[in-house]
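Here is the file query00.pdb (PDB, C-alpha atoms).
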```
ATOM      1  CA  MET X  60      30.161  13.723  -4.172
ATOM      2  CA  THR X  61      33.223  11.738  -3.196
ATOM      3  CA  LYS X  62      34.631   8.983  -5.399
ATOM      4  CA  ASN X  63      33.311   6.400  -2.937
ATOM      5  CA  THR X  64      29.843   7.906  -3.119
ATOM      6  CA  LEU X  65      29.889   7.857  -6.908
ATOM      7  CA  PHE X  66      31.139   4.273  -6.892
ATOM      8  CA  LEU X  67      28.377   3.200  -4.524
ATOM      9  CA  LEU X  68      25.752   5.044  -6.544
ATOM     10  CA  SER X  69      26.861   3.358  -9.768
ATOM     11  CA  LEU X  70      26.903  -0.007  -7.970
ATOM     12  CA  CYS X  71      23.313   0.568  -6.835
ATOM     13  CA  LEU X  72      22.165   1.565 -10.305
ATOM     14  CA  THR X  73      23.902  -1.428 -11.881
ATOM     15  CA  PHE X  74      22.393  -3.710  -9.293
ATOM     16  CA  GLN X  75      18.909  -2.331  -9.760
ATOM     17  CA  THR X  76      19.229  -2.667 -13.536
ATOM     18  CA  SER X  77      20.479  -6.243 -13.291
ATOM     19  CA  LEU X  78      17.449  -7.194 -11.228
ATOM     20  CA  SER X  79      15.188  -6.463 -14.152
ATOM     21  CA  VAL X  80      16.895  -7.584 -17.303
ATOM     22  CA  ALA X  81      14.160 -10.116 -17.886
ATOM     23  CA  GLU X  82      11.360  -7.627 -17.164
ATOM     24  CA  ASN X  83       9.336  -6.724 -20.267
ATOM     25  CA  ALA X  84      11.312  -9.311 -22.252
ATOM     26  CA  ALA X  85       8.168 -10.686 -23.863
ATOM     27  CA  VAL X  86       6.670  -7.315 -24.813
ATOM     28  CA  PRO X  87       7.003  -6.549 -28.549
ATOM     29  CA  PRO X  88       8.514  -3.206 -29.535
ATOM     30  CA  ALA X  89       6.357  -0.491 -31.075
ATOM     31  CA  ALA X  90       6.147  -0.389 -34.871
ATOM     32  CA  ASN X  91       8.681   2.460 -34.919
ATOM     33  CA  GLY X  92      11.227   0.237 -33.149
ATOM     34  CA  ILE X  93      10.912   1.762 -29.677
ATOM     35  CA  GLU X  94      11.206  -0.808 -26.885
ATOM     36  CA  LEU X  95       9.039  -0.649 -23.789
ATOM     37  CA  PRO X  96      11.186   1.149 -21.193
ATOM     38  CA  LYS X  97      12.103  -1.198 -18.383
ATOM     39  CA  HIS X  98      11.145  -0.339 -14.816
ATOM     40  CA  TYR X  99       8.719   2.377 -15.813
ATOM     41  CA  LYS X 100       6.373   1.401 -13.000
ATOM     42  CA  ASN X 101       9.151   2.138 -10.520
ATOM     43  CA  TRP X 102       9.687   5.668 -11.776
ATOM     44  CA  ARG X 103       8.812   8.700  -9.689
ATOM     45  CA  LEU X 104       5.800  10.903  -9.991
ATOM     46  CA  ILE X 105       5.798  13.889 -12.348
ATOM     47  CA  GLY X 106       2.088  14.700 -12.290
ATOM     48  CA  VAL X 107      -1.517  13.572 -12.538
ATOM     49  CA  SER X 108      -4.466  14.605 -14.677
ATOM     50  CA  HIS X 109      -8.095  13.890 -15.362
ATOM     51  CA  ARG X 110      -9.777  14.023 -18.757
ATOM     52  CA  GLU X 111     -13.486  14.632 -18.962
ATOM     53  CA  ASP X 112     -13.721  14.089 -22.736
ATOM     54  CA  ASN X 113     -12.867  10.417 -22.345
ATOM     55  CA  ASN X 114     -13.361   9.977 -18.582
ATOM     56  CA  SER X 115      -9.867   8.893 -17.779
ATOM     57  CA  LEU X 116      -7.376   9.325 -14.978
ATOM     58  CA  ARG X 117      -3.688   9.673 -15.681
ATOM     59  CA  ALA X 118      -0.430   9.437 -13.788
ATOM     60  CA  ILE X 119       2.717  10.776 -15.365
ATOM     61  CA  LEU X 120       5.996   9.245 -14.201
ATOM     62  CA  GLY X 121       9.539  10.130 -15.198
ATOM     63  CA  ASN X 122      12.829   8.298 -15.493
ATOM     64  CA  PRO X 123      15.739   9.664 -13.399
ATOM     65  CA  VAL X 124      16.740  12.176 -16.116
ATOM     66  CA  ALA X 125      13.171  13.478 -16.262
ATOM     67  CA  ILE X 126      12.900  13.713 -12.480
ATOM     68  CA  ALA X 127      16.159  15.647 -12.214
ATOM     69  CA  ALA X 128      14.936  18.016 -14.946
ATOM     70  CA  ALA X 129      11.507  18.456 -13.350
ATOM     71  CA  ARG X 130      12.878  19.149  -9.892
ATOM     72  CA  SER X 131      15.382  21.677 -11.153
ATOM     73  CA  GLY X 132      12.855  23.359 -13.448
ATOM     74  CA  ASN X 133      14.762  22.505 -16.633
ATOM     75  CA  THR X 134      11.885  21.264 -18.725
ATOM     76  CA  ASN X 135      11.727  23.661 -21.642
ATOM     77  CA  PRO X 136      13.354  21.953 -23.388
ATOM     78  CA  TRP X 137      13.509  18.675 -21.526
ATOM     79  CA  PRO X 138      17.052  17.256 -21.709
ATOM     80  CA  ASP X 139      18.051  14.387 -23.975
ATOM     81  CA  GLY X 140      17.628  11.133 -22.085
ATOM     82  CA  THR X 141      14.275  12.169 -20.615
ATOM     83  CA  ILE X 142      11.569   9.526 -20.720
ATOM     84  CA  LEU X 143       8.045  10.380 -19.631
ATOM     85  CA  ALA X 144       5.470   7.648 -19.022
ATOM     86  CA  LYS X 145       1.777   8.419 -19.028
ATOM     87  CA  LEU X 146      -0.415   5.716 -17.513
ATOM     88  CA  VAL X 147      -4.068   5.983 -18.486
ATOM     89  CA  TRP X 148      -7.079   4.364 -16.857
ATOM     90  CA  PRO X 149     -10.798   4.796 -17.588
ATOM     91  CA  ASP X 150     -12.293   6.075 -14.373
ATOM     92  CA  SER X 151     -15.046   4.487 -12.345
ATOM     93  CA  ARG X 152     -17.056   5.536  -9.324
ATOM     94  CA  HIS X 153     -15.369   4.751  -5.992
ATOM     95  CA  PRO X 154     -17.496   2.044  -4.347
ATOM     96  CA  LEU X 155     -17.201   3.729  -0.929
ATOM     97  CA  TRP X 156     -17.151   7.392  -1.926
ATOM     98  CA  ASP X 157     -19.792   8.460  -4.407
ATOM     99  CA  GLU X 158     -18.131  11.719  -5.357
ATOM    100  CA  ALA X 159     -14.780  10.158  -6.195
ATOM    101  CA  THR X 160     -13.494   8.372  -9.278
ATOM    102  CA  VAL X 161     -10.700   5.832  -9.321
ATOM    103  CA  PRO X 162      -8.993   3.783 -12.038
ATOM    104  CA  ARG X 163     -10.437   0.731 -13.708
ATOM    105  CA  GLU X 164      -8.140  -1.562 -15.717
ATOM    106  CA  LEU X 165      -5.130   0.048 -17.387
ATOM    107  CA  LYS X 166      -6.081   1.431 -20.802
ATOM    108  CA  HIS X 167      -2.552   2.067 -21.972
ATOM    109  CA  ALA X 168       0.931   3.177 -21.014
ATOM    110  CA  GLU X 169       2.465   5.700 -23.388
ATOM    111  CA  PHE X 170       5.948   7.125 -23.522
ATOM    112  CA  MET X 171       7.840  10.126 -24.836
ATOM    113  CA  ILE X 172      11.589   9.646 -25.227
ATOM    114  CA  LYS X 173      13.730  12.731 -25.786
ATOM    115  CA  ASP X 174      16.613  12.439 -28.220
ATOM    116  CA  SER X 175      17.005  15.611 -30.192
ATOM    117  CA  VAL X 176      19.108  13.920 -32.889
ATOM    118  CA  LYS X 177      17.480  10.512 -33.247
ATOM    119  CA  TYR X 178      13.950  11.918 -33.204
ATOM    120  CA  ALA X 179      14.641  15.247 -34.900
ATOM    121  CA  ARG X 180      11.791  14.672 -37.373
ATOM    122  CA  THR X 181       9.254  14.609 -34.529
ATOM    123  CA  SER X 182      10.629  17.630 -32.668
ATOM    124  CA  GLY X 183      13.111  15.569 -30.665
ATOM    125  CA  TRP X 184      10.650  13.096 -29.211
ATOM    126  CA  GLY X 185      10.115   9.409 -29.869
ATOM    127  CA  PHE X 186       6.577   8.276 -29.158
ATOM    128  CA  ALA X 187       5.254   4.813 -28.273
ATOM    129  CA  ARG X 188       2.253   3.285 -26.572
ATOM    130  CA  TRP X 189       1.359  -0.182 -25.299
ATOM    131  CA  LEU X 190      -2.267  -1.136 -24.798
ATOM    132  CA  GLY X 191      -3.760  -2.626 -21.674
ATOM    133  CA  LYS X 192      -2.499  -5.389 -19.459
ATOM    134  CA  GLY X 193      -1.510  -7.335 -22.570
ATOM    135  CA  GLN X 194       0.888  -4.543 -23.564
ATOM    136  CA  LYS X 195       0.056  -4.727 -27.247
ATOM    137  CA  PRO X 196       1.975  -2.106 -29.217
ATOM    138  CA  TYR X 197      -0.212   0.677 -30.604
ATOM    139  CA  GLY X 198      -0.069   1.359 -34.331
ATOM    140  CA  SER X 199       0.185  -1.014 -37.274
ATOM    141  CA  ASP X 200       3.182   0.766 -38.780
ATOM    142  CA  ALA X 201       5.659   3.483 -37.871
ATOM    143  CA  SER X 202       3.365   6.242 -39.130
ATOM    144  CA  PHE X 203       1.544   6.305 -35.769
ATOM    145  CA  SER X 204       4.309   8.594 -34.487
ATOM    146  CA  ALA X 205       2.985  11.338 -36.764
ATOM    147  CA  GLU X 206      -0.392  11.102 -35.032
ATOM    148  CA  CYS X 207       1.228  11.500 -31.597
ATOM    149  CA  HIS X 208       3.413  14.341 -32.787
ATOM    150  CA  SER X 209       0.531  16.165 -34.406
ATOM    151  CA  CYS X 210      -1.538  16.111 -31.219
ATOM    152  CA  HIS X 211       1.418  17.161 -29.068
ATOM    153  CA  SER X 212       2.076  20.111 -31.383
ATOM    154  CA  LYS X 213      -0.576  21.929 -29.360
ATOM    155  CA  ALA X 214       2.060  22.016 -26.601
ATOM    156  CA  SER X 215       4.926  23.162 -28.833
ATOM    157  CA  ASP X 216       5.587  26.139 -26.557
ATOM    158  CA  TYR X 217       6.350  23.635 -23.783
ATOM    159  CA  ASP X 218       8.624  21.295 -25.746
ATOM    160  CA  TYR X 219       5.596  19.299 -26.925
ATOM    161  CA  VAL X 220       4.769  18.101 -23.400
ATOM    162  CA  PHE X 221       1.303  18.724 -21.945
ATOM    163  CA  THR X 222       2.330  17.816 -18.407
ATOM    164  CA  ARG X 223       3.565  20.509 -16.041
ATOM    165  CA  PRO X 224       5.493  18.771 -13.257
ATOM    166  CA  VAL X 225       3.899  19.141  -9.831
ATOM    167  CA  PRO X 226       6.252  20.745  -7.327
ATOM    168  CA  LEU X 227       6.479  18.764  -4.081
ATOM    169  CA  PRO X 228       8.118  20.178  -0.972
TER     170      PRO X 228
ATOM    171  CA  MET R 122      18.686 -14.204  -3.127
ATOM    172  CA  THR R 123      22.340 -14.895  -2.443
ATOM    173  CA  LYS R 124      24.129 -13.424   0.559
ATOM    174  CA  ASN R 125      25.975 -11.070  -1.785
ATOM    175  CA  THR R 126      22.722  -9.882  -3.283
ATOM    176  CA  LEU R 127      21.237  -9.224   0.130
ATOM    177  CA  PHE R 128      24.380  -7.410   1.213
ATOM    178  CA  LEU R 129      24.301  -5.215  -1.873
ATOM    179  CA  LEU R 130      20.609  -4.502  -1.437
ATOM    180  CA  SER R 131      21.111  -3.452   2.193
ATOM    181  CA  LEU R 132      24.075  -1.316   1.134
ATOM    182  CA  CYS R 133      21.890   0.427  -1.450
ATOM    183  CA  LEU R 134      19.100   1.058   1.031
ATOM    184  CA  THR R 135      21.528   2.377   3.647
ATOM    185  CA  PHE R 136      23.132   4.605   1.067
ATOM    186  CA  GLN R 137      19.844   5.976  -0.175
ATOM    187  CA  THR R 138      18.751   6.682   3.390
ATOM    188  CA  SER R 139      21.999   8.410   4.251
ATOM    189  CA  LEU R 140      21.595  10.748   1.304
ATOM    190  CA  SER R 141      18.527  12.282   2.887
ATOM    191  CA  VAL R 142      19.089  12.586   6.592
ATOM    192  CA  ALA R 143      18.779  16.327   6.359
ATOM    193  CA  GLU R 144      15.650  16.229   4.186
ATOM    194  CA  ASN R 145      12.507  17.445   5.984
ATOM    195  CA  ALA R 146      14.652  18.436   8.982
ATOM    196  CA  ALA R 147      12.837  21.734   9.400
ATOM    197  CA  VAL R 148       9.307  20.318   9.161
ATOM    198  CA  PRO R 149       7.548  20.112  12.548
ATOM    199  CA  PRO R 150       6.005  16.782  13.539
ATOM    200  CA  ALA R 151       2.235  16.364  13.667
ATOM    201  CA  ALA R 152       0.533  17.008  17.020
ATOM    202  CA  ASN R 153       0.346  13.238  17.602
ATOM    203  CA  GLY R 154       4.145  13.017  17.344
ATOM    204  CA  ILE R 155       4.334  11.533  13.858
ATOM    205  CA  GLU R 156       7.268  12.836  11.837
ATOM    206  CA  LEU R 157       6.971  13.640   8.150
ATOM    207  CA  PRO R 158       8.236  10.498   6.369
ATOM    208  CA  LYS R 159      11.453  11.233   4.545
ATOM    209  CA  HIS R 160      11.678  10.663   0.792
ATOM    210  CA  TYR R 161       7.954  10.341   0.316
ATOM    211  CA  LYS R 162       8.150  12.164  -2.984
ATOM    212  CA  ASN R 163      10.492   9.449  -4.254
ATOM    213  CA  TRP R 164       8.076   6.635  -3.452
ATOM    214  CA  ARG R 165       6.386   4.617  -6.151
ATOM    215  CA  LEU R 166       2.869   4.928  -7.419
ATOM    216  CA  ILE R 167       0.024   3.050  -5.734
ATOM    217  CA  GLY R 168      -2.916   4.808  -7.363
ATOM    218  CA  VAL R 169      -4.652   8.021  -8.401
ATOM    219  CA  SER R 170      -8.099   9.459  -7.783
ATOM    220  CA  HIS R 171     -10.299  12.440  -8.493
ATOM    221  CA  ARG R 172     -12.842  13.936  -6.095
ATOM    222  CA  GLU R 173     -15.744  15.892  -7.464
ATOM    223  CA  ASP R 174     -17.018  17.024  -4.057
ATOM    224  CA  ASN R 175     -13.970  19.177  -3.510
ATOM    225  CA  ASN R 176     -12.508  19.248  -7.051
ATOM    226  CA  SER R 177      -9.194  17.707  -6.223
ATOM    227  CA  LEU R 178      -6.742  15.355  -7.857
ATOM    228  CA  ARG R 179      -4.819  12.826  -5.805
ATOM    229  CA  ALA R 180      -1.781  10.619  -6.199
ATOM    230  CA  ILE R 181      -1.194   7.828  -3.737
ATOM    231  CA  LEU R 182       2.406   6.709  -3.262
ATOM    232  CA  GLY R 183       3.771   3.911  -1.095
ATOM    233  CA  ASN R 184       7.000   3.218   0.749
ATOM    234  CA  PRO R 185       8.860   0.003  -0.200
ATOM    235  CA  VAL R 186       6.831  -2.107   2.277
ATOM    236  CA  ALA R 187       3.595  -0.775   0.794
ATOM    237  CA  ILE R 188       4.748  -1.361  -2.774
ATOM    238  CA  ALA R 189       5.749  -4.948  -2.019
ATOM    239  CA  ALA R 190       2.346  -5.520  -0.393
ATOM    240  CA  ALA R 191       0.446  -3.889  -3.253
ATOM    241  CA  ARG R 192       2.275  -5.812  -5.957
ATOM    242  CA  SER R 193       1.799  -9.138  -4.216
ATOM    243  CA  GLY R 194      -1.850  -8.436  -3.389
ATOM    244  CA  ASN R 195      -1.298  -8.525   0.374
ATOM    245  CA  THR R 196      -3.227  -5.424   1.331
ATOM    246  CA  ASN R 197      -6.028  -6.671   3.535
ATOM    247  CA  PRO R 198      -4.547  -6.173   6.020
ATOM    248  CA  TRP R 199      -1.601  -4.086   4.891
ATOM    249  CA  PRO R 200       1.564  -5.274   6.673
ATOM    250  CA  ASP R 201       3.157  -3.414   9.558
ATOM    251  CA  GLY R 202       5.719  -0.976   8.185
ATOM    252  CA  THR R 203       3.433   0.171   5.374
ATOM    253  CA  ILE R 204       3.307   3.902   4.797
ATOM    254  CA  LEU R 205       0.883   5.369   2.292
ATOM    255  CA  ALA R 206       1.181   8.967   1.145
ATOM    256  CA  LYS R 207      -1.742  10.766  -0.421
ATOM    257  CA  LEU R 208      -0.844  13.975  -2.263
ATOM    258  CA  VAL R 209      -3.798  16.265  -2.851
ATOM    259  CA  TRP R 210      -4.097  19.172  -5.263
ATOM    260  CA  PRO R 211      -7.092  21.342  -6.149
ATOM    261  CA  ASP R 212      -7.632  20.860  -9.841
ATOM    262  CA  SER R 213      -7.633  23.497 -12.533
ATOM    263  CA  ARG R 214      -8.437  23.542 -16.208
ATOM    264  CA  HIS R 215      -5.502  22.555 -18.444
ATOM    265  CA  PRO R 216      -4.525  25.691 -20.364
ATOM    266  CA  LEU R 217      -4.063  23.710 -23.593
ATOM    267  CA  TRP R 218      -6.765  21.079 -23.248
ATOM    268  CA  ASP R 219     -10.179  22.357 -22.211
ATOM    269  CA  GLU R 220     -11.559  18.966 -21.191
ATOM    270  CA  ALA R 221      -8.673  18.126 -18.859
ATOM    271  CA  THR R 222      -7.907  19.115 -15.295
ATOM    272  CA  VAL R 223      -4.455  19.249 -13.768
ATOM    273  CA  PRO R 224      -3.091  20.084 -10.305
ATOM    274  CA  ARG R 225      -2.740  23.571  -8.886
ATOM    275  CA  GLU R 226      -0.539  24.138  -5.812
ATOM    276  CA  LEU R 227      -0.260  21.239  -3.364
ATOM    277  CA  LYS R 228      -3.112  21.339  -0.852
ATOM    278  CA  HIS R 229      -1.673  18.780   1.507
ATOM    279  CA  ALA R 230       0.295  15.545   1.845
ATOM    280  CA  GLU R 231      -1.263  13.033   4.214
ATOM    281  CA  PHE R 232       0.048   9.758   5.491
ATOM    282  CA  MET R 233      -1.149   6.471   6.964
ATOM    283  CA  ILE R 234       1.473   4.496   8.871
ATOM    284  CA  LYS R 235       0.692   0.889   9.733
ATOM    285  CA  ASP R 236       1.808  -0.368  13.135
ATOM    286  CA  SER R 237      -0.753  -2.708  14.599
ATOM    287  CA  VAL R 238       0.649  -2.368  18.133
ATOM    288  CA  LYS R 239       1.619   1.292  18.317
ATOM    289  CA  TYR R 240      -1.578   2.502  16.677
ATOM    290  CA  ALA R 241      -3.928  -0.192  17.983
ATOM    291  CA  ARG R 242      -6.404   2.450  19.180
ATOM    292  CA  THR R 243      -6.913   3.696  15.621
ATOM    293  CA  SER R 244      -7.218   0.262  14.012
ATOM    294  CA  GLY R 245      -3.479  -0.101  13.497
ATOM    295  CA  TRP R 246      -2.944   3.116  11.577
ATOM    296  CA  GLY R 247      -1.177   6.321  12.527
ATOM    297  CA  PHE R 248      -2.493   9.354  10.658
ATOM    298  CA  ALA R 249      -0.787  12.652   9.872
ATOM    299  CA  ARG R 250      -1.110  15.470   7.377
ATOM    300  CA  TRP R 251       1.031  18.458   6.404
ATOM    301  CA  LEU R 252      -0.539  21.427   4.667
ATOM    302  CA  GLY R 253       0.672  23.015   1.453
ATOM    303  CA  LYS R 254       4.145  23.962   0.382
ATOM    304  CA  GLY R 255       4.826  25.250   3.889
ATOM    305  CA  GLN R 256       4.204  21.769   5.322
ATOM    306  CA  LYS R 257       2.325  23.014   8.362
ATOM    307  CA  PRO R 258       1.126  20.103  10.485
ATOM    308  CA  TYR R 259      -2.649  19.635  10.459
ATOM    309  CA  GLY R 260      -4.460  19.578  13.805
ATOM    310  CA  SER R 261      -3.936  21.667  16.917
ATOM    311  CA  ASP R 262      -3.705  18.636  19.192
ATOM    312  CA  ALA R 263      -3.465  14.867  18.920
ATOM    313  CA  SER R 264      -7.222  14.454  18.731
ATOM    314  CA  PHE R 265      -7.148  15.071  14.972
ATOM    315  CA  SER R 266      -6.291  11.377  14.552
ATOM    316  CA  ALA R 267      -9.824  10.508  15.651
ATOM    317  CA  GLU R 268     -11.206  12.605  12.796
ATOM    318  CA  CYS R 269      -9.045  10.740  10.272
ATOM    319  CA  HIS R 270      -9.884   7.371  11.771
ATOM    320  CA  SER R 271     -13.589   8.105  11.814
ATOM    321  CA  CYS R 272     -13.665   8.978   8.123
ATOM    322  CA  HIS R 273     -11.557   5.959   7.179
ATOM    323  CA  SER R 274     -13.930   3.681   9.088
ATOM    324  CA  LYS R 275     -16.039   3.719   5.923
ATOM    325  CA  ALA R 276     -13.286   1.517   4.468
ATOM    326  CA  SER R 277     -13.016  -0.836   7.444
ATOM    327  CA  ASP R 278     -13.573  -3.841   5.174
ATOM    328  CA  TYR R 279     -10.385  -2.880   3.355
ATOM    329  CA  ASP R 280      -8.159  -2.279   6.387
ATOM    330  CA  TYR R 281      -9.322   1.354   6.570
ATOM    331  CA  VAL R 282      -7.713   2.241   3.218
ATOM    332  CA  PHE R 283      -9.824   3.771   0.445
ATOM    333  CA  THR R 284      -7.174   3.250  -2.207
ATOM    334  CA  ARG R 285      -7.146   0.075  -4.289
ATOM    335  CA  PRO R 286      -3.669  -0.279  -5.767
ATOM    336  CA  VAL R 287      -3.609  -0.060  -9.542
ATOM    337  CA  PRO R 288      -2.095  -3.172 -11.142
ATOM    338  CA  LEU R 289       0.600  -2.311 -13.675
ATOM    339  CA  PRO R 290       2.017  -4.906 -16.065
TER     340      PRO R 290
END
```
Starting from the file, lay out its structure as structure tokens.
Amino acid sequence: MTKNTLFLLSLCLTFQTSLSVAENAAVPPAANGIELPKHYKNWRLIGVSHREDNNSLRAILGNPVAIAAARSGNTNPWPDGTILAKLVWPDSRHPLWDEATVPRELKHAEFMIKDSVKYARTSGWGFARWLGKGQKPYGSDASFSAECHSCHSKASDYDYVFTRPVPLP
Amino acid sequence: MTKNTLFLLSLCLTFQTSLSVAENAAVPPAANGIELPKHYKNWRLIGVSHREDNNSLRAILGNPVAIAAARSGNTNPWPDGTILAKLVWPDSRHPLWDEATVPRELKHAEFMIKDSVKYARTSGWGFARWLGKGQKPYGSDASFSAECHSCHSKASDYDYVFTRPVPLP
């Protein structure tokens, strides 16, 4: 990249960030201090999934660090700076297509933030979740992180992440 | 918006477009002449779905016009300039979570392009689909559009679109 290109890129990123300073301002942080990542709904797609045990549909989005890692195949471990967002909806029958399910209201948005130093005690990941449209933080105290970490330990061979990024041509 | 803001926004959009002129260059157009939309994999999320009749998972992404329409609730009709991308994967059992399904290889990426004049004969929508990682255009001649249009007629009350955008706080 030329200097001009880098300058323009940084200008764009600064501009896009400045557009959203107020976004999420009213959402309380999680009990472990993690703030709701801004702009998460503008992030790019990492994957999708469907769970039959709780009848939910999921979309997994990634911040720019996560997308760069996913597209270059550098996800084990994911690099510091990665943030993954998992958006979860109970599913419902499509009103026009009996054999399809589609989302109902948002159940929660949950996040994994990679910082191998800051979150060393939970294998390098900070966990947080906000419930529903009201974006109420999950967990009454910081111990909820242990619950997230314990469940994600099933995926310890994949840096504690269940999602395998979908390759798109 | 101030003039400076608009100028900066247009600069950003121009810059982002210029980064990808070469992207998709080798992908043949569909038989009806529609070109594969550039950058579709960078578009934002509109929705997800699961089909039990063919065991597939789907993510629906939208170009900036589509996202603006979805977020402001102006989707019946969708405005001219809308492009919706539906990414379809056969599902498979998650190797670490028995009750979950996740995507296998991409089955196809399909698109609806809204232009109420150009595509007046198919209710204002141009249809195209590219198959798999190889991005082979679907349809041996332009008549495949009629097949798409016919199926989407089920959703004529919703401007021929099955997807209901998911609201995200």
Residues matched by the PyMOL selection byres ((chain X) within 6 of (chain R)) as number ranges by chain: X: 71, 101, 103, 108-112, 158-161, 192, 228
Å distance separating CA of Arg188 in chain X from CA of Phe170 in chain X, one decimal place: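 CA of Phe170 in chain X lies 6.1 Å from CA of Arg188 in chain X.
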Just want the 7 Å neighbourhood of range 178-184 of chain X, counted on all atoms listed in the file, with same-chain residues fewer than 6 positions away dropped. Output as an mmCIF file with C-alpha atoms, keeping the file's coordinate frame.
```
data_model
loop_
_atom_site.group_PDB
_atom_site.id
_atom_site.type_symbol
_atom_site.label_atom_id
_atom_site.label_comp_id
_atom_site.auth_asym_id
_atom_site.auth_seq_id
_atom_site.Cartn_x
_atom_site.Cartn_y
_atom_site.Cartn_z
ATOM 1 C CA MET X 171 7.840 10.126 -24.836
ATOM 2 C CA ILE X 172 11.589 9.646 -25.227
ATOM 3 C CA HIS X 208 3.413 14.341 -32.787
#
```
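Around Phe203 in chain X, within 12 Å and counting all atoms listed in the file, the residues found are Ala89, Ala90, Asn91, Gly92, Thr181, Gly185, Phe186, Ala187, Arg188, Pro196, Tyr197, Gly198, Ser199, Asp200, Glu206, Cys207, His208, Ser209 and Cys210 of chain X, once anything fewer than 3 positions away on its own chain is removed.
Atom to atom, CA of Ala128 in chain X and CA of Val220 in chain X stand 13.2 Å apart.
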